[in-house]
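Asks: This is start.cif, which holds mmCIF, C-alpha atoms:
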data_query
loop_
_atom_site.label_atom_id
_atom_site.label_comp_id
_atom_site.auth_asym_id
_atom_site.auth_seq_id
_atom_site.Cartn_x
_atom_site.Cartn_y
_atom_site.Cartn_z
CA MET A 1 -51.61 -130.51 94.66
CA THR A 2 -47.97 -130.69 93.55
CA ASP A 3 -45.22 -132.03 95.74
CA PRO A 4 -42.95 -129.10 96.75
CA PHE A 5 -40.07 -131.54 97.28
CA ALA A 6 -40.32 -133.17 93.85
CA ALA A 7 -37.30 -132.72 91.63
CA ALA A 8 -37.60 -129.93 89.10
CA PRO A 9 -37.82 -131.11 85.50
CA SER A 10 -34.52 -131.07 83.67
CA ARG A 11 -34.02 -128.35 81.06
CA THR A 12 -31.79 -130.62 79.01
CA ILE A 13 -32.40 -133.91 77.27
CA PRO A 14 -30.43 -137.18 77.44
CA VAL A 15 -27.31 -137.15 75.29
CA ALA A 16 -28.67 -140.02 73.17
CA ASP A 17 -31.68 -137.87 72.22
CA GLY A 18 -29.57 -134.80 71.41
CA PRO A 19 -29.52 -132.95 68.11
CA ILE A 20 -26.02 -134.20 67.22
CA ALA A 21 -24.21 -137.51 67.56
CA PRO A 22 -23.43 -138.40 71.18
CA TRP A 23 -19.65 -138.54 70.53
CA ALA A 24 -19.76 -135.02 69.03
CA ASP A 25 -21.89 -133.72 71.92
CA ARG A 26 -19.37 -135.17 74.41
CA ALA A 27 -16.45 -133.69 72.44
CA TRP A 28 -17.99 -130.21 72.48
CA ALA A 29 -18.71 -130.53 76.21
CA VAL A 30 -15.14 -131.67 76.95
CA ALA A 31 -13.79 -128.77 74.86
CA ALA A 32 -15.96 -126.27 76.77
CA VAL A 33 -14.83 -127.66 80.14
CA ALA A 34 -11.19 -127.60 79.03
CA ALA A 35 -11.40 -124.01 77.73
CA ALA A 36 -13.11 -122.76 80.89
CA SER A 37 -10.63 -124.64 83.11
CA ILE A 38 -7.57 -123.35 81.25
CA ALA A 39 -8.88 -119.77 81.31
CA PHE A 40 -9.72 -120.04 85.01
CA ALA A 41 -6.29 -121.47 85.87
CA ALA A 42 -4.45 -118.83 83.83
CA LEU A 43 -6.42 -115.95 85.35
CA ALA A 44 -6.10 -117.35 88.87
CA ARG A 45 -2.30 -117.30 88.71
CA VAL A 46 -1.98 -113.59 87.82
CA GLN A 47 -2.94 -110.49 89.73
CA PRO A 48 -5.34 -107.91 88.30
CA ASP A 49 -3.51 -104.79 87.16
CA PRO A 50 -4.50 -101.88 89.43
CA ARG A 51 -4.74 -99.55 86.39
CA GLY A 52 -7.76 -101.54 85.18
CA HIS A 53 -5.99 -102.75 82.03
CA GLY A 54 -2.75 -104.49 81.15
CA THR A 55 -3.27 -107.74 83.06
CA HIS A 56 -2.81 -109.65 79.79
CA GLU A 57 0.87 -108.65 79.83
CA GLN A 58 1.39 -110.98 82.82
CA LEU A 59 0.24 -113.82 80.56
CA GLY A 60 3.08 -113.11 78.13
CA LEU A 61 1.11 -111.01 75.65
CA ASP A 62 2.37 -107.70 74.27
CA ALA A 63 1.12 -104.36 75.56
CA CYS A 64 -1.84 -103.02 73.59
CA GLY A 65 -0.72 -100.66 70.83
CA TRP A 66 -4.13 -99.02 70.41
CA PRO A 67 -3.73 -96.45 73.24
CA LEU A 68 -0.29 -95.53 71.92
CA ALA A 69 -1.54 -95.12 68.37
CA TYR A 70 -4.90 -93.45 69.06
CA GLY A 71 -4.70 -92.12 72.62
CA ILE A 72 -7.86 -93.98 73.66
CA PRO A 73 -8.52 -97.47 75.02
CA CYS A 74 -9.28 -100.29 72.58
CA PRO A 75 -12.72 -101.94 72.70
CA ALA A 76 -11.24 -104.80 74.76
CA CYS A 77 -9.18 -102.68 77.17
CA GLY A 78 -9.74 -104.04 80.65
CA CYS A 79 -11.40 -107.31 79.59
CA THR A 80 -8.60 -109.51 80.90
CA THR A 81 -8.39 -107.47 84.09
CA ALA A 82 -12.16 -107.75 84.61
CA ALA A 83 -12.03 -111.51 83.99
CA CYS A 84 -9.13 -111.82 86.43
CA LEU A 85 -11.04 -109.86 89.07
CA LEU A 86 -14.04 -112.14 88.56
CA VAL A 87 -11.92 -115.27 88.97
CA HIS A 88 -10.43 -113.79 92.14
CA GLY A 89 -13.96 -113.34 93.52
CA ARG A 90 -14.12 -109.55 93.18
CA VAL A 91 -17.33 -109.49 91.15
CA VAL A 92 -18.32 -105.84 91.71
CA ALA A 93 -14.80 -104.64 90.89
CA ALA A 94 -14.84 -106.79 87.74
CA PHE A 95 -18.02 -105.18 86.42
CA ALA A 96 -16.81 -101.72 87.47
CA THR A 97 -13.55 -102.25 85.55
CA GLN A 98 -14.98 -103.51 82.24
CA PRO A 99 -18.62 -104.66 82.15
CA PHE A 100 -18.29 -106.58 78.87
CA GLY A 101 -15.14 -108.39 79.98
CA ALA A 102 -16.76 -109.39 83.27
CA ALA A 103 -19.97 -110.55 81.56
CA PHE A 104 -18.03 -112.47 78.89
CA ALA A 105 -15.91 -114.21 81.54
CA ALA A 106 -18.96 -115.03 83.66
CA VAL A 107 -20.77 -116.54 80.66
CA GLY A 108 -17.65 -118.53 79.72
CA LEU A 109 -17.32 -119.97 83.22
CA LEU A 110 -21.05 -120.77 83.36
CA VAL A 111 -20.88 -122.53 79.99
CA GLY A 112 -17.93 -124.57 81.29
CA ALA A 113 -19.84 -125.48 84.45
CA HIS A 114 -22.94 -126.39 82.43
CA ALA A 115 -20.83 -128.58 80.13
CA ALA A 116 -19.33 -130.36 83.16
CA LEU A 117 -22.79 -131.01 84.58
CA CYS A 118 -23.96 -132.36 81.21
CA LEU A 119 -20.99 -134.72 81.12
CA LEU A 120 -21.63 -135.92 84.67
CA ARG A 121 -25.38 -136.34 84.24
CA GLY A 122 -25.41 -137.81 80.72
CA ARG A 123 -27.32 -134.84 79.32
CA SER A 124 -26.93 -133.16 75.93
CA PHE A 125 -24.68 -130.11 75.93
CA ALA A 126 -25.50 -129.23 72.32
CA ASP A 127 -29.26 -129.26 72.86
CA LEU A 128 -29.38 -126.17 75.05
CA ALA A 129 -26.68 -124.41 73.03
CA LEU A 130 -28.61 -124.93 69.79
CA ARG A 131 -31.86 -123.68 71.34
CA TRP A 132 -30.30 -120.30 72.25
CA PRO A 133 -31.33 -117.42 70.00
CA ILE A 134 -27.75 -117.00 68.77
CA TRP A 135 -28.34 -113.85 66.67
CA ARG A 136 -30.13 -112.11 69.54
CA VAL A 137 -27.42 -113.11 72.01
CA THR A 138 -24.72 -111.93 69.58
CA GLY A 139 -26.53 -108.64 68.98
CA TYR A 140 -26.94 -107.91 72.68
CA GLY A 141 -23.32 -108.91 73.22
CA LEU A 142 -22.14 -106.43 70.60
CA LEU A 143 -24.29 -103.68 72.13
CA LEU A 144 -22.85 -104.46 75.56
CA MET A 145 -19.33 -104.40 74.12
CA LEU A 146 -19.88 -100.96 72.54
CA ALA A 147 -21.50 -99.58 75.70
CA ALA A 148 -18.67 -101.01 77.82
CA TRP A 149 -16.11 -99.47 75.46
CA GLY A 150 -17.75 -96.08 75.99
CA TYR A 151 -17.74 -96.65 79.74
CA THR A 152 -14.08 -97.70 79.66
CA TRP A 153 -13.22 -94.70 77.54
CA ALA A 154 -14.94 -92.38 80.04
CA THR A 155 -13.22 -93.94 83.07
CA TRP A 156 -9.86 -94.79 81.47
CA GLN A 157 -6.60 -94.04 83.24
CA ARG A 158 -3.30 -94.40 81.45
#
How does the structure come out when it is put into structure tokens?
Replies:
Amino acid sequence: MTDPFAAAPSRTIPVADGPIAPWADRAWAVAAVAAASIAFAALARVQPDPRGHGTHEQLGLDACGWPLAYGIPCPACGCTTAACLLVHGRVVAAFATQPFGAAFAAVGLLVGAHAALCLLRGRSFADLALRWPIWRVTGYGLLLMLAAWGYTWATWQR
């Protein structure tokens, strides 16, 4: 009979046993933590645009020219707003605004958290990343982006 209180086996391996040099593994993990932290901090300091798009303008970026040129939202319209909503804890509103943007932000924050845990526990960050079926993940991501663009197009307000 197994002990129900026994620690679950780790899904990562020690950094020394990783698929790349330990210094490179640590560098990638630090970069992932830094990117997630910077994105989180930037999104936390702005307010989501109530239109569902345009939040990126508060970060000093130009307004999107796509709607002006074509009269429809661009494939990324609402992604920054959805990410901002997610960071502000409004998860349902984030996915309702732009499903791809919310999913992309959630994955980015989870990767940053995983990298931080790997750094703290001496585990390999690269091991799990290299075991992911990258082409399948990319393909599903592109399908989600196209579906979310259609959804954004259908629900878009100028």
Asks: Could you tell me which residues the PyMOL selection byres ((chain A and resi 145-156) around 10) grabs in this file, written as a ChimeraX atom specification?
Replies: /A:51-53,72-79,95-101,103-104,139-144,157-158
Asks: For a test of reading the model, state the distance in Å between atom CA of Ala113 of chain A and atom CA of Ala32 of chain A, rounded to one decimal.
Replies: 8.6 Å
Asks: Pull out every residue that the PyMOL selection byres ((chain A and resi 17) around 12) matches in the shown coordinates and put them as a list in words.
Replies: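 Written out, the selection comes to Thr12, Ile13, Pro14, Val15, Ala16, Gly18, Pro19, Ile20, Ala21, Pro22, Asp25, Gly122, Arg123, Ser124, Phe125, Ala126 and Asp127 of chain A.
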Asks: Expanded to explicit residues, what is the PyMOL selection byres ((chain A and resi 85) around 10) for this file, as a list in words?
Replies: Leu43, Ala44, Val46, Gln47, Pro48, Asp49, Gly52, Cys79, Thr80, Thr81, Ala82, Ala83, Cys84, Leu86, Val87, His88, Gly89, Arg90, Val91, Val92, Ala93, Ala94, Phe95, Thr97, Ala102 and Ala105 of chain A
Asks: What does the distance between atom CA of Ala106 of chain A and atom CA of Ser37 of chain A come to in Å, to one decimal place?
Replies: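 Atom CA of Ala106 of chain A sits 12.7 Å away from atom CA of Ser37 of chain A.
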Asks: With a distance cut-off of 7 Å and all atoms listed in the file, select the neighbouring residues of Ala29 of chain A, excluding the residue or stretch itself and same-chain residues fewer than 6 positions from it, and output the selection as a PyMOL selection string.
Replies: chain A and resi 115-116+119+125
Asks: When you draw a straight line from atom CA of Glu57 of chain A to atom CA of Gly71 of chain A, how long is it in Å?
Replies: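 For atom CA of Glu57 of chain A relative to atom CA of Gly71 of chain A, the distance reads 18.9 Å.
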Asks: Could you check the closest approach to Ala39 of chain A for each of A:Gly65, A:Gly112, A:Gly54, A:Pro133 and tell me which residue wins, using all atoms listed in the file?
Replies: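 Once distances to Ala39 of chain A are computed over all atoms listed in the file, the minimum belongs to A:Gly112.
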Asks: Hey, which of A:Gln58, A:Val33, A:Trp23, A:Phe40 ends up closest to Leu117 of chain A? Count only C-alpha atoms.
Replies: A:Val33
